[in-house]
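Below is input09.pdb, which holds PDB, C-alpha atoms and all ligand atoms.
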ATOM      1  CA  MET A   1       1.279 114.370  19.869
ATOM      2  CA  SER A   2      -2.216 114.996  21.125
ATOM      3  CA  LEU A   3      -2.804 112.643  23.996
ATOM      4  CA  HIS A   4      -6.390 113.278  24.839
ATOM      5  CA  LEU A   5      -7.708 110.840  22.285
ATOM      6  CA  ALA A   6      -6.139 108.020  20.359
ATOM      7  CA  GLN A   7      -7.158 109.372  16.974
ATOM      8  CA  ASN A   8      -8.166 107.205  14.045
ATOM      9  CA  CYS A   9      -8.438 104.263  16.248
ATOM     10  CA  CYS A  10     -11.079 102.009  15.293
ATOM     11  CA  LEU A  11     -12.459  98.721  16.079
ATOM     12  CA  PRO A  12     -12.664  96.281  13.180
ATOM     13  CA  ASP A  13     -16.179  97.201  12.166
ATOM     14  CA  ASP A  14     -17.769 100.156  13.825
ATOM     15  CA  SER A  15     -21.267  99.314  12.719
ATOM     16  CA  ASN A  16     -21.457  95.696  13.876
ATOM     17  CA  ASN A  17     -18.775  95.152  16.450
ATOM     18  CA  PHE A  18     -18.818  98.476  18.191
ATOM     19  CA  MET A  19     -18.496  97.961  21.899
ATOM     20  CA  PRO A  20     -20.754 100.333  23.764
ATOM     21  CA  TYR A  21     -19.019 100.481  27.143
ATOM     22  CA  ILE A  22     -16.172 102.582  28.521
ATOM     23  CA  ASP A  23     -14.451 103.535  31.799
ATOM     24  CA  LEU A  24     -13.498 107.117  32.685
ATOM     25  CA  HIS A  25     -11.829 106.585  36.082
ATOM     26  CA  VAL A  26      -8.804 104.287  36.187
ATOM     27  CA  HIS A  27      -5.469 104.260  38.057
ATOM     28  CA  SER A  28      -2.097 102.739  37.120
ATOM     29  CA  THR A  29       1.358 102.259  38.653
ATOM     30  CA  ALA A  30       2.007 105.909  37.747
ATOM     31  CA  SER A  31       0.113 106.558  41.016
ATOM     32  CA  ASP A  32      -1.345 103.906  43.319
ATOM     33  CA  GLY A  33      -2.693 101.301  40.894
ATOM     34  CA  THR A  34      -0.942  97.957  40.510
ATOM     35  CA  PHE A  35      -0.936  97.605  36.682
ATOM     36  CA  ALA A  36       1.354  99.618  34.414
ATOM     37  CA  PRO A  37      -0.393 102.064  32.053
ATOM     38  CA  ARG A  38       0.160  99.778  29.036
ATOM     39  CA  GLU A  39      -1.193  96.788  30.951
ATOM     40  CA  VAL A  40      -4.284  98.769  31.880
ATOM     41  CA  ALA A  41      -4.900  99.625  28.210
ATOM     42  CA  ARG A  42      -4.725  95.907  27.410
ATOM     43  CA  LEU A  43      -7.084  95.075  30.280
ATOM     44  CA  ALA A  44      -9.528  97.686  28.987
ATOM     45  CA  ARG A  45      -9.472  96.051  25.556
ATOM     46  CA  GLU A  46      -9.837  92.560  27.030
ATOM     47  CA  ALA A  47     -12.808  93.756  29.088
ATOM     48  CA  GLY A  48     -14.468  94.732  25.815
ATOM     49  CA  LEU A  49     -14.306  98.489  26.362
ATOM     50  CA  SER A  50     -14.189 100.852  23.384
ATOM     51  CA  GLY A  51     -12.692 103.758  25.326
ATOM     52  CA  TRP A  52     -11.194 104.733  28.656
ATOM     53  CA  ALA A  53      -9.387 107.474  30.546
ATOM     54  CA  LEU A  54      -6.379 107.169  32.823
ATOM     55  CA  THR A  55      -6.930 109.363  35.904
ATOM     56  CA  ASP A  56      -3.934 108.874  38.180
ATOM     57  CA  HIS A  57      -3.671 110.915  41.381
ATOM     58  CA  ASP A  58      -1.588 114.092  40.991
ATOM     59  CA  THR A  59       0.386 112.910  37.951
ATOM     60  CA  VAL A  60       0.405 112.762  34.160
ATOM     61  CA  GLY A  61       3.306 110.278  34.227
ATOM     62  CA  GLY A  62       1.320 107.362  32.766
ATOM     63  CA  LEU A  63      -0.464 109.165  29.942
ATOM     64  CA  THR A  64       2.037 108.739  27.105
ATOM     65  CA  ASP A  65       2.250 104.960  27.527
ATOM     66  CA  ALA A  66      -1.500 104.620  28.056
ATOM     67  CA  ALA A  67      -2.305 106.642  24.907
ATOM     68  CA  ASP A  68       0.224 104.744  22.816
ATOM     69  CA  GLU A  69      -0.972 101.314  23.914
ATOM     70  CA  SER A  70      -4.622 102.324  23.446
ATOM     71  CA  LEU A  71      -3.819 103.233  19.861
ATOM     72  CA  ARG A  72      -2.229  99.806  19.363
ATOM     73  CA  GLN A  73      -5.224  98.098  20.922
ATOM     74  CA  GLY A  74      -7.642 100.113  18.799
ATOM     75  CA  ILE A  75      -9.495 101.715  21.675
ATOM     76  CA  ASP A  76     -10.145 105.387  22.313
ATOM     77  CA  PHE A  77      -8.357 107.215  25.075
ATOM     78  CA  ILE A  78      -8.782 110.452  27.008
ATOM     79  CA  ALA A  79      -5.929 111.856  29.093
ATOM     80  CA  GLY A  80      -6.998 112.497  32.671
ATOM     81  CA  ILE A  81      -5.833 113.265  36.182
ATOM     82  CA  GLU A  82      -7.410 113.167  39.674
ATOM     83  CA  ILE A  83      -6.666 115.966  42.127
ATOM     84  CA  SER A  84      -7.589 116.153  45.833
ATOM     85  CA  ALA A  85      -9.059 119.466  46.968
ATOM     86  CA  GLN A  86      -9.890 120.872  50.415
ATOM     87  CA  SER A  87     -13.432 119.836  51.159
ATOM     88  CA  PRO A  88     -15.943 121.917  53.119
ATOM     89  CA  THR A  89     -17.396 118.577  54.279
ATOM     90  CA  PRO A  90     -16.061 115.789  56.539
ATOM     91  CA  GLY A  91     -15.308 113.609  53.501
ATOM     92  CA  THR A  92     -12.937 114.098  50.582
ATOM     93  CA  MET A  93     -13.313 116.160  47.419
ATOM     94  CA  HIS A  94     -11.605 114.788  44.308
ATOM     95  CA  ILE A  95     -11.678 116.612  40.996
ATOM     96  CA  LEU A  96     -11.057 114.742  37.748
ATOM     97  CA  GLY A  97      -9.494 116.679  34.870
ATOM     98  CA  TYR A  98     -10.151 115.360  31.342
ATOM     99  CA  GLY A  99      -8.375 116.327  28.142
ATOM    100  CA  ILE A 100      -5.520 118.077  29.944
ATOM    101  CA  ASP A 101      -2.347 118.864  28.055
ATOM    102  CA  PRO A 102       0.386 116.928  29.911
ATOM    103  CA  GLN A 103       2.978 119.424  28.670
ATOM    104  CA  SER A 104       1.163 122.384  30.175
ATOM    105  CA  LYS A 105       3.374 124.479  32.438
ATOM    106  CA  VAL A 106       0.554 125.108  34.910
ATOM    107  CA  LEU A 107      -0.069 121.390  35.175
ATOM    108  CA  ARG A 108       3.582 120.528  35.657
ATOM    109  CA  GLU A 109       3.920 123.143  38.389
ATOM    110  CA  MET A 110       0.756 121.911  40.076
ATOM    111  CA  THR A 111       1.826 118.255  40.082
ATOM    112  CA  ALA A 112       5.258 119.242  41.446
ATOM    113  CA  THR A 113       3.605 121.141  44.319
ATOM    114  CA  LEU A 114       1.291 118.231  45.083
ATOM    115  CA  ARG A 115       4.256 115.852  45.111
ATOM    116  CA  GLU A 116       6.061 118.065  47.605
ATOM    117  CA  GLY A 117       2.966 117.829  49.822
ATOM    118  CA  ARG A 118       3.216 114.029  49.702
ATOM    119  CA  ASP A 119       6.972 114.114  50.231
ATOM    120  CA  SER A 120       6.455 115.936  53.493
ATOM    121  CA  ARG A 121       3.544 113.768  54.635
ATOM    122  CA  ASN A 122       4.912 110.262  53.987
ATOM    123  CA  PRO A 123       7.917 110.517  56.376
ATOM    124  CA  LYS A 124       5.540 111.697  59.139
ATOM    125  CA  ILE A 125       3.295 108.666  58.651
ATOM    126  CA  ILE A 126       6.273 106.308  58.599
ATOM    127  CA  ALA A 127       7.813 107.882  61.734
ATOM    128  CA  LYS A 128       4.485 107.614  63.560
ATOM    129  CA  LEU A 129       4.122 103.953  62.548
ATOM    130  CA  GLN A 130       7.650 103.261  63.799
ATOM    131  CA  GLU A 131       6.755 104.932  67.085
ATOM    132  CA  LEU A 132       3.804 102.563  67.314
ATOM    133  CA  GLY A 133       6.178  99.631  66.941
ATOM    134  CA  VAL A 134       5.512  98.878  63.281
ATOM    135  CA  SER A 135       8.570  97.790  61.318
ATOM    136  CA  ILE A 136       8.527  99.978  58.185
ATOM    137  CA  THR A 137      10.973 102.393  56.542
ATOM    138  CA  MET A 138      10.900 105.065  53.829
ATOM    139  CA  ASP A 139      13.160 102.807  51.725
ATOM    140  CA  GLU A 140      10.607 100.023  51.894
ATOM    141  CA  LEU A 141       7.871 102.462  50.921
ATOM    142  CA  MET A 142       9.897 103.655  47.933
ATOM    143  CA  GLN A 143      10.513 100.046  46.888
ATOM    144  CA  GLU A 144       6.823  99.179  47.271
ATOM    145  CA  ALA A 145       5.720 102.146  45.149
ATOM    146  CA  THR A 146       8.336 101.971  42.397
ATOM    147  CA  GLY A 147       9.427  98.327  42.386
ATOM    148  CA  GLY A 148      12.918  99.835  42.134
ATOM    149  CA  ALA A 149      12.199 101.330  38.666
ATOM    150  CA  PRO A 150      14.258 104.535  38.365
ATOM    151  CA  GLU A 151      11.708 106.179  36.045
ATOM    152  CA  LEU A 152       9.106 105.952  38.817
ATOM    153  CA  ARG A 153      11.353 107.708  41.346
ATOM    154  CA  ASN A 154       9.250 110.885  41.286
ATOM    155  CA  LYS A 155       5.812 109.328  41.226
ATOM    156  CA  PRO A 156       3.187 110.271  43.800
ATOM    157  CA  ILE A 157       3.407 107.815  46.686
ATOM    158  CA  GLY A 158       0.264 107.441  48.758
ATOM    159  CA  ARG A 159      -1.360 105.676  51.652
ATOM    160  CA  PRO A 160      -2.399 102.619  49.600
ATOM    161  CA  HIS A 161       1.319 101.830  49.168
ATOM    162  CA  ILE A 162       1.789 101.989  52.944
ATOM    163  CA  ALA A 163      -1.370  99.933  53.468
ATOM    164  CA  THR A 164      -0.067  97.211  51.139
ATOM    165  CA  ILE A 165       3.128  96.898  53.201
ATOM    166  CA  LEU A 166       1.120  96.692  56.448
ATOM    167  CA  VAL A 167      -0.972  93.865  54.973
ATOM    168  CA  ARG A 168       2.064  92.009  53.632
ATOM    169  CA  LYS A 169       3.799  92.176  57.004
ATOM    170  CA  GLY A 170       0.706  90.948  58.806
ATOM    171  CA  TYR A 171       0.004  94.064  60.887
ATOM    172  CA  VAL A 172      -3.507  94.123  59.404
ATOM    173  CA  SER A 173      -5.412  91.682  57.261
ATOM    174  CA  SER A 174      -6.639  94.045  54.517
ATOM    175  CA  VAL A 175      -6.101  97.462  52.939
ATOM    176  CA  PRO A 176      -9.399  98.832  54.348
ATOM    177  CA  GLU A 177      -8.317  97.659  57.815
ATOM    178  CA  ALA A 178      -4.964  99.440  57.380
ATOM    179  CA  PHE A 179      -6.880 102.649  56.608
ATOM    180  CA  ASN A 180      -9.307 102.239  59.515
ATOM    181  CA  LYS A 181      -6.658 101.460  62.071
ATOM    182  CA  TYR A 182      -3.772 103.653  60.919
ATOM    183  CA  LEU A 183      -4.140 105.748  57.778
ATOM    184  CA  ALA A 184      -7.627 107.303  57.550
ATOM    185  CA  PRO A 185      -8.668 110.421  59.507
ATOM    186  CA  GLY A 186      -8.952 109.320  63.139
ATOM    187  CA  GLY A 187      -6.423 106.523  62.534
ATOM    188  CA  LEU A 188      -3.304 106.136  64.720
ATOM    189  CA  ALA A 189      -0.870 107.411  62.059
ATOM    190  CA  TYR A 190      -3.052 109.841  60.109
ATOM    191  CA  PHE A 191      -1.568 113.008  58.683
ATOM    192  CA  ASP A 192      -3.289 115.198  56.136
ATOM    193  CA  LYS A 193      -1.546 116.388  52.998
ATOM    194  CA  GLU A 194      -1.473 119.830  51.436
ATOM    195  CA  ARG A 195      -4.467 120.292  49.187
ATOM    196  CA  LEU A 196      -5.523 122.879  46.662
ATOM    197  CA  SER A 197      -8.670 124.875  47.272
ATOM    198  CA  PRO A 198     -11.500 123.687  45.010
ATOM    199  CA  ARG A 199     -11.265 126.983  43.123
ATOM    200  CA  ASP A 200      -7.548 126.483  42.430
ATOM    201  CA  ALA A 201      -7.994 122.828  41.464
ATOM    202  CA  LEU A 202     -10.696 123.772  38.932
ATOM    203  CA  SER A 203      -8.741 126.723  37.626
ATOM    204  CA  MET A 204      -5.529 124.746  37.130
ATOM    205  CA  ILE A 205      -7.342 121.993  35.251
ATOM    206  CA  LEU A 206      -9.045 124.592  33.026
ATOM    207  CA  GLN A 207      -5.737 126.395  32.420
ATOM    208  CA  SER A 208      -4.191 123.049  31.417
ATOM    209  CA  GLY A 209      -6.792 122.657  28.681
ATOM    210  CA  GLY A 210      -8.873 120.163  30.680
ATOM    211  CA  LEU A 211     -12.475 119.887  31.808
ATOM    212  CA  PRO A 212     -13.004 119.546  35.577
ATOM    213  CA  VAL A 213     -15.473 116.910  36.782
ATOM    214  CA  LEU A 214     -16.493 116.243  40.399
ATOM    215  CA  ALA A 215     -15.417 112.664  41.227
ATOM    216  CA  HIS A 216     -17.546 110.279  43.320
ATOM    217  CA  PRO A 217     -19.752 112.877  45.097
ATOM    218  CA  VAL A 218     -20.695 110.275  47.723
ATOM    219  CA  GLN A 219     -17.191 110.558  49.185
ATOM    220  CA  LEU A 220     -17.819 114.200  50.126
ATOM    221  CA  LYS A 221     -20.045 112.859  52.922
ATOM    222  CA  THR A 222     -22.368 115.839  52.737
ATOM    223  CA  ARG A 223     -24.964 116.261  55.478
ATOM    224  CA  ASP A 224     -27.798 115.882  53.018
ATOM    225  CA  ASP A 225     -28.770 116.316  49.378
ATOM    226  CA  GLU A 226     -29.274 120.037  49.843
ATOM    227  CA  GLN A 227     -25.684 120.561  50.968
ATOM    228  CA  LEU A 228     -24.459 118.651  47.942
ATOM    229  CA  ARG A 229     -26.684 120.755  45.670
ATOM    230  CA  GLN A 230     -25.170 123.896  47.152
ATOM    231  CA  ILE A 231     -21.581 122.646  46.746
ATOM    232  CA  VAL A 232     -22.190 121.599  43.150
ATOM    233  CA  GLY A 233     -23.748 125.024  42.480
ATOM    234  CA  GLU A 234     -20.654 126.792  43.833
ATOM    235  CA  LEU A 235     -18.274 124.544  41.902
ATOM    236  CA  ALA A 236     -20.302 125.064  38.709
ATOM    237  CA  GLU A 237     -19.881 128.839  39.097
ATOM    238  CA  GLN A 238     -16.135 128.272  39.412
ATOM    239  CA  GLY A 239     -15.881 126.251  36.214
ATOM    240  CA  LEU A 240     -16.933 122.684  37.040
ATOM    241  CA  ARG A 241     -18.104 120.952  33.853
ATOM    242  CA  GLY A 242     -19.351 117.564  34.968
ATOM    243  CA  ILE A 243     -20.303 115.110  37.703
ATOM    244  CA  GLU A 244     -19.185 111.492  37.948
ATOM    245  CA  VAL A 245     -22.561 109.810  38.395
ATOM    246  CA  ILE A 246     -21.640 106.144  37.962
ATOM    247  CA  HIS A 247     -18.912 104.969  40.371
ATOM    248  CA  SER A 248     -18.122 101.823  42.344
ATOM    249  CA  ASP A 249     -19.199 103.537  45.584
ATOM    250  CA  HIS A 250     -22.565 104.786  44.267
ATOM    251  CA  THR A 251     -25.911 103.086  44.723
ATOM    252  CA  PRO A 252     -28.436 103.274  41.861
ATOM    253  CA  VAL A 253     -30.456 105.807  43.880
ATOM    254  CA  GLN A 254     -27.386 108.041  44.340
ATOM    255  CA  THR A 255     -26.555 107.758  40.644
ATOM    256  CA  GLU A 256     -30.053 108.996  39.762
ATOM    257  CA  PHE A 257     -29.779 111.936  42.157
ATOM    258  CA  TYR A 258     -26.360 112.939  40.779
ATOM    259  CA  LYS A 259     -27.765 112.787  37.237
ATOM    260  CA  HIS A 260     -30.583 115.038  38.339
ATOM    261  CA  LEU A 261     -28.101 117.534  39.835
ATOM    262  CA  ALA A 262     -26.016 117.468  36.661
ATOM    263  CA  HIS A 263     -29.110 118.246  34.637
ATOM    264  CA  GLU A 264     -30.056 121.075  37.000
ATOM    265  CA  TYR A 265     -26.654 122.754  36.579
ATOM    266  CA  GLU A 266     -26.203 121.816  32.902
ATOM    267  CA  LEU A 267     -23.183 119.641  33.625
ATOM    268  CA  LEU A 268     -21.887 116.582  31.801
ATOM    269  CA  ILE A 269     -22.383 113.175  33.357
ATOM    270  CA  THR A 270     -19.465 110.742  33.494
ATOM    271  CA  GLY A 271     -18.757 107.365  35.029
ATOM    272  CA  GLY A 272     -15.900 105.122  36.003
ATOM    273  CA  SER A 273     -14.943 102.136  38.118
ATOM    274  CA  ASP A 274     -11.963 103.713  39.981
ATOM    275  CA  PHE A 275     -10.051 100.520  39.120
ATOM    276  CA  HIS A 276      -6.719 100.287  40.997
ATOM    277  CA  GLY A 277      -5.812  96.613  40.398
ATOM    278  CA  SER A 278      -5.059  94.677  43.558
ATOM    279  CA  SER A 279      -4.543  97.741  45.794
ATOM    280  CA  LYS A 280      -8.338  98.172  45.803
ATOM    281  CA  LYS A 281      -9.896  94.738  45.773
ATOM    282  CA  GLY A 282     -13.204  93.814  44.229
ATOM    283  CA  ILE A 283     -13.204  96.355  41.389
ATOM    284  CA  SER A 284     -12.894  95.267  37.744
ATOM    285  CA  ILE A 285     -12.119  97.679  34.946
ATOM    286  CA  GLY A 286     -15.311  98.807  33.217
ATOM    287  CA  LEU A 287     -17.601  97.754  36.073
ATOM    288  CA  ALA A 288     -18.845 100.103  38.799
ATOM    289  CA  ALA A 289     -20.777  98.144  41.447
ATOM    290  CA  GLY A 290     -21.948  95.819  38.703
ATOM    291  CA  ARG A 291     -22.922  98.631  36.328
ATOM    292  CA  ARG A 292     -21.343  99.271  32.973
ATOM    293  CA  ILE A 293     -20.676 102.780  31.719
ATOM    294  CA  PRO A 294     -22.289 103.768  28.429
ATOM    295  CA  ARG A 295     -20.194 104.901  25.484
ATOM    296  CA  GLU A 296     -22.298 108.039  25.135
ATOM    297  CA  TYR A 297     -20.640 109.449  28.288
ATOM    298  CA  PHE A 298     -17.266 109.179  26.562
ATOM    299  CA  ASP A 299     -18.516 110.794  23.358
ATOM    300  CA  ALA A 300     -20.236 113.719  25.068
ATOM    301  CA  LEU A 301     -17.146 114.397  27.182
ATOM    302  CA  ASN A 302     -14.846 114.111  24.212
ATOM    303  CA  GLU A 303     -16.995 116.469  22.175
ATOM    304  CA  GLN A 304     -16.713 119.099  24.915
ATOM    305  CA  ILE A 305     -12.942 118.572  25.174
ATOM    306  CA  GLU A 306     -12.595 119.121  21.438
ATOM    307  CA  ALA A 307     -14.766 122.234  21.624
ATOM    308  CA  ALA A 308     -12.663 123.603  24.501
ATOM    309  CA  HIS A 309      -9.466 122.990  22.540
ATOM    310  CA  VAL A 310     -10.843 124.711  19.436
ATOM    311  CA  ALA A 311     -11.882 127.669  21.583
ATOM    312  CA  HIS A 312      -8.371 127.954  23.035
TER     313      HIS A 312
HETATM  314  P1  LIG B 401      -3.632 109.304  49.293
HETATM  315  O1  LIG B 401      -3.293 109.537  47.865
HETATM  316  O2  LIG B 401      -2.464 108.895  50.097
HETATM  317  O3  LIG B 401      -4.414 110.438  49.925
HETATM  318  O4  LIG B 401      -4.610 108.027  49.280
HETATM  319  C1  LIG B 401      -5.761 108.072  48.485
HETATM  320  C2  LIG B 401      -6.124 106.673  48.073
HETATM  321  O5  LIG B 401      -6.422 105.920  49.225
HETATM  322  C3  LIG B 401      -7.342 106.596  47.172
HETATM  323  O6  LIG B 401      -7.008 105.828  46.040
HETATM  324  C4  LIG B 401      -8.376 105.860  47.924
HETATM  325  O7  LIG B 401      -9.030 104.924  47.124
HETATM  326  C5  LIG B 401      -7.604 105.157  49.015
HETATM  327  N1  LIG B 401      -8.386 105.214  50.250
HETATM  328  C6  LIG B 401      -8.760 106.311  50.924
HETATM  329  N2  LIG B 401      -9.463 105.979  52.040
HETATM  330  C7  LIG B 401      -9.528 104.625  52.054
HETATM  331  C8  LIG B 401     -10.116 103.659  52.951
HETATM  332  N3  LIG B 401     -10.785 104.048  54.058
HETATM  333  N4  LIG B 401      -9.973 102.343  52.635
HETATM  334  C9  LIG B 401      -9.305 101.965  51.533
HETATM  335  N5  LIG B 401      -8.731 102.810  50.663
HETATM  336  C10 LIG B 401      -8.834 104.123  50.916
HETATM  337 ZN    ZN B 402      -5.960 105.836  44.385
HETATM  338 FE    FE B 403     -10.860 109.571  44.183
HETATM  339 FE    FE B 404      -9.601 107.528  41.831
END
Could you take the file, read its structure, and then write that structure out as structure tokens?
Amino acid sequence: MSLHLAQNCCLPDDSNNFMPYIDLHVHSTASDGTFAPREVARLAREAGLSGWALTDHDTVGGLTDAADESLRQGIDFIAGIEISAQSPTPGTMHILGYGIDPQSKVLREMTATLREGRDSRNPKIIAKLQELGVSITMDELMQEATGGAPELRNKPIGRPHIATILVRKGYVSSVPEAFNKYLAPGGLAYFDKERLSPRDALSMILQSGGLPVLAHPVQLKTRDDEQLRQIVGELAEQGLRGIEVIHSDHTPVQTEFYKHLAHEYELLITGGSDFHGSSKKGISIGLAAGRRIPREYFDALNEQIEAAHVAH
């Protein structure tokens, strides 16, 4: 089954009822979101979206359910993933991969390697927290991330899961506070995880049949616009195909600059909310800092995915 798009979907009447908004950056319980992939598909439909992409961190585990439920709901779907790469800047570099083949050997090997990186980091964070007098165990973390579901045993477990436990136990009052105090760089229990180089992240997405897109450029924390222009130029030479211009962390001025950069390097423009459910408060599916994401972003991306698959 091709997962990148729920084919032959269609809303009751394309000409009159067509809903012109979409969301291309969404997380589920397959990584650190709090709604299951099928629930997210239903939320997307309820929010009036006509298409969406699931982009869980380091895993394709939610894509089959998300694609199947999207088909039932009559909304279009693109299979995605979000990968962390080593950034030349003080911030973080995330690369989205759209239209990937979840069965691809390269992709399965890559996600296994990334999971090993997490498996070695999480016990270090937990041990450090224990040293600091926080009551938390690896078993609790596993329970928090999987809810005890055996099929989620191998999912990527991340800092938001730890943050949620710290909030529940009253060590901090919010997830952002848990990051500031303990989990973010400079925090008391911060450990980095193994990351791919940007070149490898792009290459693995391309080899898996996907199109790489630079996620939320604001999070790179570049010195200035010129440094971002240079980074985008280098990534474009290495196979980058798009920039996420609309995102919950972007101001309208930033969005316009990112669009300009995309135009300069002949890249696609995409947009998404980065919805995580309750592990990232204040974000609704389909809304990025109050902005909606136009359907044309979905169509242009999908057209390029199809073209890449034909060329393969
Ligand atoms: P990890 O996968 O463990 O590296 O954690 C990445 C996740 O943590 C992403 O979903 C981010 O949205 C979230 N995150 C990273 N930094 C922060 C922060 N300072 N406050 C809240 N959430 C954060
Ligand atoms: Zn996340
Ligand atoms: Fe991200
Ligand atoms: Fe994300």
Handout entry: Within-8 Å residues of ligand ZN 402 (chain B), basis all atoms listed in the file, as a PyMOL selection string
Key = chain A and resi 27+31-33+56-57+158+160+274+276
Completion exercise
From the list A:Gln230, A:Ser84, A:Ser70, A:Gln304, the nearest residue to ligand LIG 401 (chain B) using all atoms listed in the file is A:Ser84
Problem - Residues near Pro156 of chain A, cut-off 9 Å, only C-alpha atoms, skip fewer than 6 positions along chain, as a list in words - result: Ala30, Ser31, Asp32, His57, Asp58, Thr59, Thr111, Leu114, Arg115, Arg118, Asp119 and Ala145 of chain A
Practice task
Set the cut-off to 9 Å, count only C-alpha atoms and all ligand atoms, and list whatever residues fall near ligand FE 404 (chain B) as a list in words.
Solution key: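 Sorted by chain and then by number, the residues are His25, Val26, His27, Thr55, Asp56, His57, Ile81, Glu82, Ile83, His94, Leu96, Ala215, His216, Gly272, Ser273, Asp274, Phe275 and His276 of chain A.
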Handout entry: atom CA of Glu177 of chain A to atom CA of Pro37 of chain A, straight-line distance in Å
Key =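 We find that atom CA of Pro37 of chain A and atom CA of Glu177 of chain A lie 27.3 Å from each other.
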Exercise for the section: State, in Å with one decimal place, the distance from atom CA of Leu214 of chain A to atom CA of Asp299 of chain A. Expected result: 18.0 Å
Handout entry: Contact residues around segment 287-289 of chain A with all atoms listed in the file at 8 Å, ignoring same-chain residues under 5 positions, as a ChimeraX atom specification
Key = /A:23,246-251,272-274
Exercise for the section: Would you kindly translate the PyMOL selection byres (((chain A and resi 191) around 8) and not hetatm) into the concrete residues it picks from this file, as a PyMOL selection string? Expected result: chain A and resi 121+124-125+183+185+189-190+192-193
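Relative to atom CA of Gly271 of chain A, atom CA of Leu49 of chain A is found at 13.2 Å.
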Practice task
Go through the shown structure with the PyMOL selection byres (((not hetatm)) within 6 of (chain B and resi 401)) and write out the matching residues as a VMD selection string.
Solution key: chain A and resid 158 to 160 175 to 176 179 to 180 184
